[in-house]
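Data from final_28.txt: compact mmCIF, C-alpha atoms
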```txt
# COMPACT_ATOMS: atom_id res chain seq x y z
CA MET R 1 -135.94 0.11 46.46
CA ALA R 2 -138.00 2.32 44.15
CA ASP R 3 -135.61 5.19 44.82
CA ASP R 4 -132.64 3.05 43.99
CA ALA R 5 -134.17 1.99 40.71
CA SER R 6 -135.03 5.47 39.59
CA SER R 7 -131.73 7.02 40.60
CA SER R 8 -129.67 4.43 38.78
CA SER R 9 -131.77 4.19 35.63
CA GLY R 10 -130.20 5.91 32.68
CA ILE R 11 -126.72 6.11 34.18
CA THR R 12 -125.56 2.63 33.37
CA GLY R 13 -121.91 3.51 33.83
CA ASN R 14 -122.45 4.53 37.42
CA THR R 15 -124.38 1.38 38.23
CA VAL R 16 -121.47 -0.73 37.05
CA GLU R 17 -119.06 1.34 39.11
CA ASN R 18 -121.31 1.18 42.14
CA SER R 19 -121.51 -2.58 41.97
CA ILE R 20 -117.71 -2.76 41.68
CA ASN R 21 -117.45 -0.61 44.78
CA GLN R 22 -119.94 -2.90 46.53
CA ASP R 23 -117.85 -5.97 45.65
CA GLU R 24 -114.75 -4.23 46.80
CA LEU R 25 -116.41 -3.30 50.07
CA ILE R 26 -117.58 -6.86 50.70
CA MET R 27 -114.13 -8.23 49.92
CA LYS R 28 -112.58 -5.69 52.22
CA GLN R 29 -114.95 -6.66 55.03
CA GLN R 30 -114.19 -10.32 54.46
CA ARG R 31 -110.45 -9.64 54.68
CA GLU R 32 -110.94 -7.73 57.89
CA ILE R 33 -112.94 -10.59 59.43
CA GLU R 34 -110.26 -13.10 58.38
CA LYS R 35 -107.61 -10.84 59.88
CA GLU R 36 -109.49 -10.55 63.16
CA ILE R 37 -109.91 -14.31 63.46
CA SER R 38 -106.27 -14.86 62.61
CA GLU R 39 -105.12 -12.38 65.26
CA THR R 40 -106.84 -14.33 68.03
CA ILE R 41 -104.39 -17.18 67.34
CA PRO R 42 -100.89 -16.69 68.83
CA LEU R 43 -98.06 -16.20 66.33
CA VAL R 44 -96.62 -19.42 67.73
CA GLY R 45 -98.67 -21.46 70.22
CA GLU R 46 -97.79 -23.79 73.09
CA ILE R 47 -97.00 -27.43 72.39
CA GLU R 48 -100.15 -29.61 72.27
CA GLU R 49 -100.87 -33.33 72.23
CA LEU R 50 -101.55 -34.61 68.74
CA GLN R 51 -104.95 -35.82 69.99
CA THR R 52 -106.19 -32.23 69.86
CA LEU R 53 -106.27 -32.72 66.09
CA GLU R 54 -108.72 -35.62 66.53
CA LYS R 55 -111.17 -33.31 68.23
CA GLU R 56 -110.94 -30.92 65.32
CA TYR R 57 -111.97 -33.68 62.92
CA ASN R 58 -114.52 -35.49 65.09
CA GLU R 59 -117.01 -35.81 62.27
CA ASP R 60 -114.60 -36.19 59.43
CA PRO R 61 -113.68 -39.86 58.81
CA ILE R 62 -111.09 -39.14 56.13
CA TYR R 63 -109.11 -36.75 58.28
CA LEU R 64 -109.54 -38.93 61.38
CA LEU R 65 -107.81 -41.83 59.64
CA LYS R 66 -105.00 -39.54 58.65
CA VAL R 67 -104.59 -38.11 62.14
CA LYS R 68 -104.28 -41.70 63.34
CA ASP R 69 -101.55 -42.38 60.82
CA LEU R 70 -99.83 -39.16 61.86
CA SER R 71 -99.94 -40.08 65.54
CA SER R 72 -98.03 -43.30 64.85
CA LYS R 73 -95.01 -41.10 64.07
CA TYR R 74 -95.58 -37.86 65.96
CA LYS R 75 -96.57 -37.10 69.54
CA SER R 76 -97.31 -33.40 69.50
CA ILE R 77 -98.01 -30.31 67.47
CA ARG R 78 -97.33 -26.61 67.84
CA ARG R 79 -99.70 -24.37 65.95
CA THR R 80 -98.81 -21.12 64.21
CA ARG R 81 -100.97 -18.17 63.19
CA PRO R 82 -102.47 -18.68 59.73
CA ASP R 83 -101.38 -15.33 58.31
CA GLY R 84 -99.55 -16.42 55.17
CA ASN R 85 -96.20 -16.24 57.00
CA CYS R 86 -96.73 -19.57 58.75
CA PHE R 87 -94.18 -21.60 56.78
CA PHE R 88 -91.37 -19.18 57.55
CA ARG R 89 -92.42 -18.77 61.16
CA ALA R 90 -92.91 -22.49 61.79
CA PHE R 91 -89.65 -23.37 60.07
CA SER R 92 -87.50 -20.85 61.94
CA TYR R 93 -89.06 -21.65 65.32
CA ALA R 94 -88.64 -25.40 64.90
CA TYR R 95 -85.09 -25.08 63.57
CA LEU R 96 -83.83 -22.69 66.23
CA GLU R 97 -85.43 -24.85 68.92
CA ARG R 98 -83.58 -27.82 67.48
CA LEU R 99 -80.28 -25.91 67.39
CA LEU R 100 -80.52 -25.38 71.15
CA THR R 101 -79.67 -29.03 71.60
CA ASP R 102 -77.29 -29.45 68.67
CA LYS R 103 -74.14 -27.35 68.97
CA GLN R 104 -72.50 -28.83 65.89
CA GLU R 105 -75.47 -27.99 63.67
CA TYR R 106 -75.60 -24.55 65.28
CA ASP R 107 -71.99 -23.80 64.36
CA LYS R 108 -72.63 -24.80 60.76
CA PHE R 109 -75.76 -22.66 60.59
CA TYR R 110 -74.12 -19.67 62.25
CA GLU R 111 -71.56 -19.38 59.45
CA ILE R 112 -74.29 -19.54 56.79
CA ALA R 113 -76.41 -16.95 58.59
CA LYS R 114 -73.45 -14.63 59.17
CA ASN R 115 -72.55 -14.58 55.47
CA SER R 116 -76.12 -14.28 54.22
CA LYS R 117 -76.27 -10.47 54.19
CA ASP R 118 -73.24 -10.12 51.93
CA ILE R 119 -74.91 -12.45 49.44
CA LEU R 120 -78.04 -10.28 49.42
CA VAL R 121 -76.11 -7.03 49.03
CA ALA R 122 -74.08 -8.55 46.18
CA LEU R 123 -77.39 -9.41 44.49
CA GLY R 124 -78.37 -5.74 44.56
CA PHE R 125 -80.49 -5.42 47.72
CA SER R 126 -79.62 -2.06 49.21
CA GLN R 127 -77.74 -2.23 52.46
CA PHE R 128 -80.16 -0.03 54.41
CA THR R 129 -83.19 -2.16 53.53
CA VAL R 130 -81.53 -5.43 54.60
CA GLU R 131 -79.55 -4.28 57.63
CA ASP R 132 -82.23 -4.08 60.33
CA PHE R 133 -83.72 -7.47 59.49
CA TYR R 134 -80.29 -9.06 59.42
CA GLU R 135 -79.36 -7.59 62.80
CA THR R 136 -82.54 -8.76 64.50
CA PHE R 137 -82.10 -12.20 62.96
CA MET R 138 -78.49 -12.46 64.15
CA GLU R 139 -79.38 -11.19 67.61
CA VAL R 140 -81.88 -14.03 68.05
CA ILE R 141 -79.47 -16.61 66.63
CA GLN R 142 -76.59 -15.47 68.82
CA ARG R 143 -78.72 -15.81 71.94
CA VAL R 144 -79.50 -19.40 70.93
CA GLY R 145 -75.78 -20.00 70.42
CA GLU R 146 -74.83 -18.80 73.89
CA HIS R 147 -76.29 -21.96 75.40
CA ALA R 148 -76.64 -24.35 72.48
CA GLY R 149 -75.84 -27.84 73.74
CA SER R 150 -75.56 -26.55 77.32
CA THR R 151 -77.27 -27.80 80.50
CA PRO R 152 -81.02 -28.55 80.42
CA ASP R 153 -81.76 -25.60 82.73
CA LEU R 154 -80.01 -23.05 80.56
CA ILE R 155 -81.48 -24.53 77.40
CA GLU R 156 -84.94 -24.24 78.91
CA THR R 157 -84.34 -20.58 79.82
CA VAL R 158 -83.30 -19.71 76.29
CA ARG R 159 -86.13 -21.81 74.85
CA MET R 160 -88.64 -19.76 76.81
CA GLU R 161 -87.02 -16.53 75.65
CA LEU R 162 -87.21 -17.79 72.10
CA HIS R 163 -90.90 -18.56 72.48
CA ASP R 164 -91.44 -15.09 73.86
CA LYS R 165 -89.59 -13.41 70.99
CA PHE R 166 -91.50 -15.41 68.41
CA ASN R 167 -94.71 -14.03 69.88
CA LYS R 168 -93.53 -10.43 69.74
CA GLN R 169 -94.44 -9.04 66.34
CA GLY R 170 -91.31 -6.88 66.24
CA TYR R 171 -88.93 -9.85 66.50
CA SER R 172 -91.14 -12.46 64.91
CA ASP R 173 -92.01 -10.55 61.75
CA TYR R 174 -88.43 -9.32 61.34
CA ILE R 175 -87.26 -12.95 61.36
CA VAL R 176 -89.93 -13.82 58.77
CA VAL R 177 -88.86 -10.90 56.56
CA TYR R 178 -85.24 -11.98 56.72
CA LEU R 179 -86.06 -15.59 55.82
CA ARG R 180 -88.09 -14.29 52.90
CA LEU R 181 -85.04 -12.33 51.76
CA ILE R 182 -82.75 -15.36 52.09
CA THR R 183 -85.29 -17.35 50.05
CA SER R 184 -85.43 -14.62 47.41
CA GLY R 185 -81.62 -14.46 47.34
CA GLN R 186 -81.36 -18.21 46.80
CA LEU R 187 -83.94 -18.13 43.98
CA GLN R 188 -82.10 -15.31 42.24
CA THR R 189 -78.66 -16.84 42.73
CA ASP R 190 -79.78 -20.05 41.08
CA GLN R 191 -82.29 -18.56 38.61
CA GLU R 192 -81.76 -21.07 35.84
CA PHE R 193 -82.74 -23.96 38.07
CA TYR R 194 -85.73 -22.30 39.73
CA GLN R 195 -87.16 -20.83 36.53
CA ASN R 196 -88.48 -24.36 35.75
CA PHE R 197 -90.74 -24.25 38.81
CA ILE R 198 -92.38 -20.95 37.94
CA GLU R 199 -95.59 -21.10 35.98
CA GLY R 200 -96.43 -18.50 33.37
CA PRO R 201 -94.19 -15.89 31.81
CA ARG R 202 -92.76 -14.42 35.03
CA THR R 203 -89.00 -14.16 35.55
CA VAL R 204 -87.49 -15.40 38.82
CA THR R 205 -86.90 -11.82 39.93
CA GLU R 206 -90.52 -10.86 39.26
CA PHE R 207 -91.67 -13.95 41.14
CA CYS R 208 -89.52 -12.91 44.12
CA ARG R 209 -90.89 -9.35 44.11
CA GLN R 210 -94.49 -10.61 43.98
CA GLU R 211 -94.57 -13.93 45.84
CA VAL R 212 -91.55 -14.15 48.14
CA GLU R 213 -90.51 -10.73 49.48
CA PRO R 214 -93.96 -9.32 50.39
CA MET R 215 -95.23 -10.35 53.83
CA TYR R 216 -98.34 -12.57 54.12
CA LYS R 217 -97.74 -14.24 50.76
CA GLU R 218 -98.19 -17.98 51.21
CA SER R 219 -95.36 -20.42 50.60
CA ASP R 220 -95.31 -23.16 48.02
CA HIS R 221 -92.84 -25.98 47.24
CA ILE R 222 -90.50 -23.55 45.52
CA HIS R 223 -90.15 -21.41 48.67
CA ILE R 224 -89.39 -24.49 50.77
CA ILE R 225 -86.88 -25.87 48.29
CA ALA R 226 -85.07 -22.55 48.04
CA LEU R 227 -84.92 -21.91 51.79
CA SER R 228 -83.80 -25.44 52.65
CA ASN R 229 -81.08 -25.19 49.98
CA ALA R 230 -79.95 -21.75 51.13
CA LEU R 231 -79.62 -22.80 54.77
CA LYS R 232 -78.65 -26.40 54.05
CA VAL R 233 -81.36 -27.71 56.35
CA CYS R 234 -83.55 -30.68 55.51
CA VAL R 235 -87.27 -30.20 56.15
CA ARG R 236 -89.90 -32.93 56.22
CA VAL R 237 -93.41 -31.79 55.36
CA LYS R 238 -96.34 -34.13 56.08
CA TYR R 239 -99.14 -33.36 53.66
CA MET R 240 -102.55 -33.94 55.16
CA ASP R 241 -105.43 -33.36 52.76
CA ARG R 242 -108.55 -35.03 51.37
CA GLY R 243 -106.52 -37.23 49.01
CA GLU R 244 -107.19 -40.96 48.87
CA GLY R 245 -105.85 -43.48 51.37
CA SER R 246 -105.27 -43.32 55.09
CA GLN R 247 -101.59 -42.37 54.93
CA VAL R 248 -100.24 -38.89 55.37
CA ILE R 249 -97.64 -38.44 52.66
CA ALA R 250 -94.24 -36.98 53.55
CA HIS R 251 -91.95 -34.90 51.36
CA ASP R 252 -88.36 -34.23 52.30
CA PHE R 253 -86.65 -31.05 51.06
CA PRO R 254 -84.05 -31.83 49.84
CA GLU R 255 -84.58 -35.55 49.41
CA GLY R 256 -82.19 -38.05 50.87
CA SER R 257 -80.96 -36.23 53.98
CA THR R 258 -82.08 -36.45 57.59
CA PRO R 259 -84.84 -33.96 58.35
CA LEU R 260 -84.23 -31.65 61.31
CA VAL R 261 -87.53 -29.81 61.00
CA HIS R 262 -90.91 -31.52 60.74
CA LEU R 263 -93.94 -29.57 59.58
CA LEU R 264 -97.57 -30.49 59.09
CA TYR R 265 -99.21 -29.06 56.01
CA ARG R 266 -102.95 -28.75 55.73
CA PRO R 267 -104.25 -26.88 52.68
CA GLY R 268 -103.03 -23.29 53.07
CA HIS R 269 -101.29 -23.75 56.42
CA TYR R 270 -98.17 -25.07 58.19
CA ASP R 271 -97.76 -26.14 61.85
CA ILE R 272 -94.81 -27.74 63.67
CA LEU R 273 -94.71 -31.48 64.46
CA TYR R 274 -92.72 -33.23 67.21
CA ALA R 275 -91.84 -36.92 67.34
CA MET G 1 -89.31 -1.83 69.53
CA MET G 2 -91.42 -1.52 66.34
CA ALA G 3 -91.45 2.28 66.28
CA GLY G 4 -87.73 2.32 67.14
CA SER G 5 -86.95 0.11 64.15
CA ALA G 6 -89.18 2.25 61.93
CA LEU G 7 -87.41 5.42 63.04
CA ARG G 8 -83.97 3.95 62.44
CA ARG G 9 -84.98 2.84 58.97
CA LEU G 10 -86.59 6.19 58.08
CA MET G 11 -83.45 8.05 59.17
CA ALA G 12 -81.35 5.76 56.99
CA GLU G 13 -83.64 6.36 54.03
CA TYR G 14 -83.58 10.11 54.54
CA LYS G 15 -79.82 10.09 54.61
CA GLN G 16 -79.70 7.97 51.47
CA LEU G 17 -82.09 10.34 49.64
CA THR G 18 -80.10 13.40 50.69
CA VAL G 19 -76.71 11.99 49.73
CA ASN G 20 -77.92 10.44 46.51
CA PRO G 21 -81.17 12.06 45.39
CA PRO G 22 -82.95 10.59 42.37
CA GLU G 23 -83.50 13.05 39.50
CA GLY G 24 -86.56 15.25 39.88
CA ILE G 25 -87.42 14.14 43.41
CA ILE G 26 -86.93 15.81 46.77
CA ALA G 27 -88.24 14.18 49.95
CA GLY G 28 -87.73 14.39 53.69
CA PRO G 29 -89.44 14.82 57.05
CA ILE G 30 -91.58 17.96 57.33
CA ASN G 31 -90.12 18.48 60.76
CA GLU G 32 -87.10 16.57 62.02
CA ASP G 33 -88.85 16.01 65.35
CA ASN G 34 -91.27 13.70 63.60
CA PHE G 35 -89.81 11.28 61.11
CA PHE G 36 -93.19 9.66 60.44
CA GLU G 37 -94.48 12.51 58.27
CA TRP G 38 -92.62 13.50 55.14
CA GLU G 39 -93.18 15.89 52.32
CA ALA G 40 -92.02 15.26 48.80
CA PHE G 41 -91.77 17.32 45.63
CA ILE G 42 -92.05 15.46 42.37
CA THR G 43 -91.19 16.98 39.03
CA GLY G 44 -93.56 16.03 36.21
CA PRO G 45 -91.76 13.61 33.88
CA GLU G 46 -90.39 15.05 30.62
CA GLY G 47 -92.30 14.36 27.45
CA THR G 48 -95.60 13.84 29.31
CA CYS G 49 -98.57 16.11 29.89
CA PHE G 50 -97.33 16.71 33.44
CA GLU G 51 -93.91 17.96 32.26
CA GLY G 52 -92.65 21.01 34.10
CA GLY G 53 -95.01 20.74 37.06
CA ILE G 54 -93.70 20.52 40.61
CA PHE G 55 -96.15 18.48 42.64
CA PRO G 56 -96.08 18.58 46.45
CA ALA G 57 -97.15 15.44 48.34
CA LYS G 58 -97.26 14.13 51.88
CA LEU G 59 -96.16 10.68 53.05
CA VAL G 60 -97.36 9.26 56.37
CA PHE G 61 -95.56 6.21 57.78
CA PRO G 62 -97.12 3.61 60.11
CA PRO G 63 -95.34 2.66 63.37
CA ASP G 64 -94.50 -0.76 61.91
CA TYR G 65 -92.87 0.65 58.78
CA PRO G 66 -91.33 -0.97 56.70
CA LEU G 67 -93.50 -4.04 57.41
CA SER G 68 -96.44 -1.92 56.26
CA PRO G 69 -96.26 0.73 53.55
CA PRO G 70 -96.77 4.47 54.05
CA LYS G 71 -99.75 6.38 52.69
CA MET G 72 -99.20 9.05 50.11
CA GLN G 73 -101.32 12.05 49.22
CA PHE G 74 -100.76 14.89 46.79
CA LEU G 75 -101.25 18.31 48.36
CA CYS G 76 -102.02 20.13 45.12
CA GLU G 77 -104.90 19.77 42.73
CA MET G 78 -104.47 16.63 40.60
CA PHE G 79 -106.38 15.01 37.78
CA HIS G 80 -105.15 11.49 37.14
CA PRO G 81 -106.74 8.00 36.88
CA ASN G 82 -104.75 6.69 39.86
CA ILE G 83 -105.18 9.64 42.22
CA TYR G 84 -108.34 10.14 44.28
CA ALA G 85 -110.09 13.50 44.37
CA ASP G 86 -108.52 14.18 47.80
CA GLY G 87 -105.03 13.53 46.44
CA ARG G 88 -104.49 10.01 47.80
CA VAL G 89 -102.32 7.91 45.51
CA CYS G 90 -103.54 4.47 44.49
CA ILE G 91 -100.74 2.31 43.10
CA SER G 92 -99.88 -1.30 43.77
CA ILE G 93 -96.53 -0.66 45.48
CA LEU G 94 -98.41 1.16 48.28
CA HIS G 95 -100.44 -1.98 49.04
CA ALA G 96 -99.45 -5.14 50.91
CA PRO G 97 -100.75 -8.44 49.49
CA GLY G 98 -104.21 -9.21 50.81
CA ASP G 99 -104.94 -5.51 50.79
CA ASP G 100 -105.80 -5.31 47.12
CA PRO G 101 -108.26 -2.82 45.81
CA MET G 102 -109.62 -4.12 42.53
CA GLY G 103 -108.06 -3.25 39.24
CA TYR G 104 -104.43 -4.18 39.78
CA GLU G 105 -102.82 -6.69 37.53
CA THR G 106 -101.76 -9.65 39.67
CA SER G 107 -98.27 -9.15 38.29
CA ALA G 108 -97.98 -5.63 39.67
CA GLU G 109 -95.29 -4.93 42.24
CA ARG G 110 -96.54 -4.99 45.84
CA TRP G 111 -95.20 -3.44 48.99
CA SER G 112 -92.49 -5.45 50.70
CA PRO G 113 -90.07 -4.45 53.45
CA VAL G 114 -87.23 -4.08 50.94
CA GLN G 115 -89.10 -1.45 48.99
CA SER G 116 -88.35 2.14 50.01
CA VAL G 117 -89.50 5.74 49.82
CA GLU G 118 -87.29 6.17 46.78
CA LYS G 119 -88.91 3.19 44.99
CA ILE G 120 -92.38 4.55 45.80
CA LEU G 121 -91.58 8.00 44.45
CA LEU G 122 -90.03 6.54 41.30
CA SER G 123 -93.19 4.44 40.82
CA VAL G 124 -95.29 7.58 41.22
CA VAL G 125 -93.21 9.29 38.52
CA SER G 126 -93.89 6.34 36.19
CA MET G 127 -97.53 6.48 37.15
CA LEU G 128 -97.68 10.14 36.12
CA ALA G 129 -96.12 9.21 32.79
CA GLU G 130 -98.22 6.09 32.24
CA PRO G 131 -101.54 5.99 34.08
CA ASN G 132 -103.13 2.61 34.72
CA ASP G 133 -106.67 3.20 33.49
CA GLU G 134 -107.86 -0.12 34.99
CA SER G 135 -107.69 1.27 38.50
CA GLY G 136 -110.56 3.60 39.12
CA ALA G 137 -109.31 6.00 41.79
CA ASN G 138 -110.61 8.79 39.58
CA VAL G 139 -113.14 7.31 37.17
CA ASP G 140 -113.65 10.56 35.24
CA ALA G 141 -109.94 10.97 34.71
CA ALA G 142 -109.61 7.33 33.59
CA LYS G 143 -112.45 7.76 31.12
CA MET G 144 -111.04 10.99 29.73
CA TRP G 145 -107.54 9.51 29.48
CA ARG G 146 -109.00 6.72 27.33
CA GLU G 147 -111.49 8.66 25.25
CA ASP G 148 -110.43 12.30 25.04
CA ARG G 149 -106.67 12.61 25.43
CA GLU G 150 -106.65 16.17 24.12
CA GLN G 151 -108.95 17.37 26.88
CA PHE G 152 -106.97 15.38 29.46
CA ASN G 153 -103.74 17.05 28.36
CA LYS G 154 -105.40 20.45 28.60
CA ILE G 155 -106.49 19.86 32.20
CA ALA G 156 -103.03 18.51 33.05
CA GLU G 157 -101.44 21.64 31.62
CA GLU G 158 -103.66 23.85 33.78
CA ILE G 159 -102.67 21.83 36.84
CA VAL G 160 -99.00 22.12 35.93
CA ARG G 161 -99.33 25.91 35.63
CA LYS G 162 -101.07 26.11 39.00
CA THR G 163 -98.22 24.23 40.73
CA LEU G 164 -95.87 26.89 39.33
CA ASP G 165 -98.18 29.73 40.36
CA LEU G 166 -98.66 30.72 36.72
CA PRO G 167 -101.94 32.12 35.40
CA PRO G 168 -104.05 29.75 33.25
CA PRO G 169 -102.96 29.67 29.59
```

Just dump the structure as structure tokens.
Amino acid sequence: MADDASSSSGITGNTVENSINQDELIMKQQREIEKEISETIPLVGEIEELQTLEKEYNEDPIYLLKVKDLSSKYKSIRRTRPDGNCFFRAFSYAYLERLLTDKQEYDKFYEIAKNSKDILVALGFSQFTVEDFYETFMEVIQRVGEHAGSTPDLIETVRMELHDKFNKQGYSDYIVVYLRLITSGQLQTDQEFYQNFIEGPRTVTEFCRQEVEPMYKESDHIHIIALSNALKVCVRVKYMDRGEGSQVIAHDFPEGSTPLVHLLYRPGHYDILYA
Amino acid sequence: MMAGSALRRLMAEYKQLTVNPPEGIIAGPINEDNFFEWEAFITGPEGTCFEGGIFPAKLVFPPDYPLSPPKMQFLCEMFHPNIYADGRVCISILHAPGDDPMGYETSAERWSPVQSVEKILLSVVSMLAEPNDESGANVDAAKMWREDREQFNKIAEEIVRKTLDLPPP
């Protein structure tokens, strides 16, 4: 201690810099710990009974009431890794799983997906940066299409493959990247509308560069609205937080259509819900 | 699969940079057997204290590129607020979100998979022209840039001459 005091006395500037370095070091350690914890959770988990949520909130009366409300409408949950990509990962998993049993919806989606790259390139994304993500995305979609609406056996085979791919970082993260690009493309295509949702002096393009395109950036309403509009898919998000009442409030994006994807939101995180 | 995707992407970027090179920048793999290590030569931007210099740098790409950014390090002597003493470059585009050293504005551009080697090198050129003295990669350089520009310019000139193998002025 005495050494510390004498060595730092008189060089105030260095002390300030040292303490900044200390803070930075602590923050870095904290991030590493968070990353380690997060990596013990699968990118997309197995399906679980909704009751597992009750155990999580054993001593939390507010959340317990809400889990009860939730279980009147949903039977099970599938958890995703809380790495900031969870909305995109949960959404794409749940939607592709749904498409396996809905050939008509698949055909509609396939056309949208197929044309999505041209939209991005027209917006100024360079071909070589978009290409690989697009190809991986289409490869996964086409495999779903091969047996969409087919026999239960074949559907189950493809469903297991899908689960496997979503837990391989190479496929899974490439799908997330591509959905982020589609979201960015939608925001930029319809800038005038989305500008109203952006706080502060940022332009839509700046917002996309900072909050949408980089991996691990968490999703907000604006991301969900843009993606659901781009893909023409309705998403229902159940918001479970410490707010008053025993009901879990639902938001549909966009409002007024039939949701094909159901997600559970708890502050900072999205999981998949099943009726 | 990850390294395969990275390789494909790096080859595409190399081709792009060869066919359509940005002004004042040359970059490519040191050895075409290993696409994960590149060298780059950056010309000091006109009208700045680094004008005329040709600065060699090395870029090292991770196996999951472009999900994660490369690392970049100058191979010549440098004196700049955003370059560490060992030549490592500290600018926001080389960092993914959640991997933020202090001192970046939150509005600064981060790494994303649609960034590219070209975008990084162009950002480094802007960085040479306009240092961010909030980021303390080289605290002495940041302080001198703020308080004694004349001395800073003098050091920069010496560095420029060294990159050209010229004797000190």

What are the residues of chain G that have an atom within 12 Å of an atom of chain R, counting only C-alpha atoms, as a PDB file with C-alpha atoms, keeping the file's coordinate frame?
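Output contents, as saved in selection_0.pdb:
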```pdb
ATOM      1  CA  MET G   1     -89.310  -1.830  69.530  1.00  0.00           C
ATOM      2  CA  MET G   2     -91.420  -1.520  66.340  1.00  0.00           C
ATOM      3  CA  ALA G   3     -91.450   2.280  66.280  1.00  0.00           C
ATOM      4  CA  GLY G   4     -87.730   2.320  67.140  1.00  0.00           C
ATOM      5  CA  SER G   5     -86.950   0.110  64.150  1.00  0.00           C
ATOM      6  CA  ALA G   6     -89.180   2.250  61.930  1.00  0.00           C
ATOM      7  CA  LEU G   7     -87.410   5.420  63.040  1.00  0.00           C
ATOM      8  CA  ARG G   8     -83.970   3.950  62.440  1.00  0.00           C
ATOM      9  CA  ARG G   9     -84.980   2.840  58.970  1.00  0.00           C
ATOM     10  CA  LEU G  10     -86.590   6.190  58.080  1.00  0.00           C
ATOM     11  CA  MET G  11     -83.450   8.050  59.170  1.00  0.00           C
ATOM     12  CA  ALA G  12     -81.350   5.760  56.990  1.00  0.00           C
ATOM     13  CA  GLU G  13     -83.640   6.360  54.030  1.00  0.00           C
ATOM     14  CA  TYR G  14     -83.580  10.110  54.540  1.00  0.00           C
ATOM     15  CA  LYS G  15     -79.820  10.090  54.610  1.00  0.00           C
ATOM     16  CA  GLN G  16     -79.700   7.970  51.470  1.00  0.00           C
ATOM     17  CA  LEU G  17     -82.090  10.340  49.640  1.00  0.00           C
ATOM     18  CA  PRO G  63     -95.340   2.660  63.370  1.00  0.00           C
ATOM     19  CA  ASP G  64     -94.500  -0.760  61.910  1.00  0.00           C
ATOM     20  CA  TYR G  65     -92.870   0.650  58.780  1.00  0.00           C
ATOM     21  CA  PRO G  66     -91.330  -0.970  56.700  1.00  0.00           C
ATOM     22  CA  LEU G  67     -93.500  -4.040  57.410  1.00  0.00           C
ATOM     23  CA  SER G  68     -96.440  -1.920  56.260  1.00  0.00           C
ATOM     24  CA  PRO G  69     -96.260   0.730  53.550  1.00  0.00           C
ATOM     25  CA  SER G  92     -99.880  -1.300  43.770  1.00  0.00           C
ATOM     26  CA  ILE G  93     -96.530  -0.660  45.480  1.00  0.00           C
ATOM     27  CA  LEU G  94     -98.410   1.160  48.280  1.00  0.00           C
ATOM     28  CA  HIS G  95    -100.440  -1.980  49.040  1.00  0.00           C
ATOM     29  CA  ALA G  96     -99.450  -5.140  50.910  1.00  0.00           C
ATOM     30  CA  PRO G  97    -100.750  -8.440  49.490  1.00  0.00           C
ATOM     31  CA  GLY G  98    -104.210  -9.210  50.810  1.00  0.00           C
ATOM     32  CA  ASP G  99    -104.940  -5.510  50.790  1.00  0.00           C
ATOM     33  CA  ASP G 100    -105.800  -5.310  47.120  1.00  0.00           C
ATOM     34  CA  PRO G 101    -108.260  -2.820  45.810  1.00  0.00           C
ATOM     35  CA  MET G 102    -109.620  -4.120  42.530  1.00  0.00           C
ATOM     36  CA  GLY G 103    -108.060  -3.250  39.240  1.00  0.00           C
ATOM     37  CA  GLU G 105    -102.820  -6.690  37.530  1.00  0.00           C
ATOM     38  CA  THR G 106    -101.760  -9.650  39.670  1.00  0.00           C
ATOM     39  CA  SER G 107     -98.270  -9.150  38.290  1.00  0.00           C
ATOM     40  CA  ALA G 108     -97.980  -5.630  39.670  1.00  0.00           C
ATOM     41  CA  GLU G 109     -95.290  -4.930  42.240  1.00  0.00           C
ATOM     42  CA  ARG G 110     -96.540  -4.990  45.840  1.00  0.00           C
ATOM     43  CA  TRP G 111     -95.200  -3.440  48.990  1.00  0.00           C
ATOM     44  CA  SER G 112     -92.490  -5.450  50.700  1.00  0.00           C
ATOM     45  CA  PRO G 113     -90.070  -4.450  53.450  1.00  0.00           C
ATOM     46  CA  VAL G 114     -87.230  -4.080  50.940  1.00  0.00           C
ATOM     47  CA  GLN G 115     -89.100  -1.450  48.990  1.00  0.00           C
ATOM     48  CA  SER G 116     -88.350   2.140  50.010  1.00  0.00           C
ATOM     49  CA  VAL G 117     -89.500   5.740  49.820  1.00  0.00           C
ATOM     50  CA  GLU G 118     -87.290   6.170  46.780  1.00  0.00           C
ATOM     51  CA  LYS G 119     -88.910   3.190  44.990  1.00  0.00           C
ATOM     52  CA  SER G 135    -107.690   1.270  38.500  1.00  0.00           C
ATOM     53  CA  GLY G 136    -110.560   3.600  39.120  1.00  0.00           C
ATOM     54  CA  ALA G 137    -109.310   6.000  41.790  1.00  0.00           C
ATOM     55  CA  ASN G 138    -110.610   8.790  39.580  1.00  0.00           C
ATOM     56  CA  VAL G 139    -113.140   7.310  37.170  1.00  0.00           C
ATOM     57  CA  ASP G 140    -113.650  10.560  35.240  1.00  0.00           C
ATOM     58  CA  LYS G 143    -112.450   7.760  31.120  1.00  0.00           C
TER      59      LYS G 143
END
```

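Of note, CA of Asp83 in chain R and CA of Ile224 in chain R are spaced 16.9 Å apart.
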
Legend entry - Nearest candidate to Thr48 in chain G (options G:Asn82, G:Asn31, G:Asn153, G:Gln73; using all atoms listed in the file):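 Checking each of G:Asn82, G:Asn31, G:Asn153, G:Gln73 against Thr48 in chain G, counting all atoms listed in the file, the winner is G:Asn153.
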
Legend entry - Residue contacts of Gly245 in chain R (9 Å, only C-alpha atoms) excluding same-chain residues fewer than 3 positions away, as a PyMOL selection string: chain R and resi 62+65-66+242+248

Legend entry - Distance query range 187-190 of chain R at most 7 Å, only C-alpha atoms, self and fewer than 5 positions along chain excluded, as an MDAnalysis selection string: chainID R and resid 204:205 226

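When only C-alpha atoms are used to measure the gap to Val237 in chain R, the shortest distance among R:Thr151, R:Pro61, R:Phe91, R:Pro201 belongs to R:Phe91.
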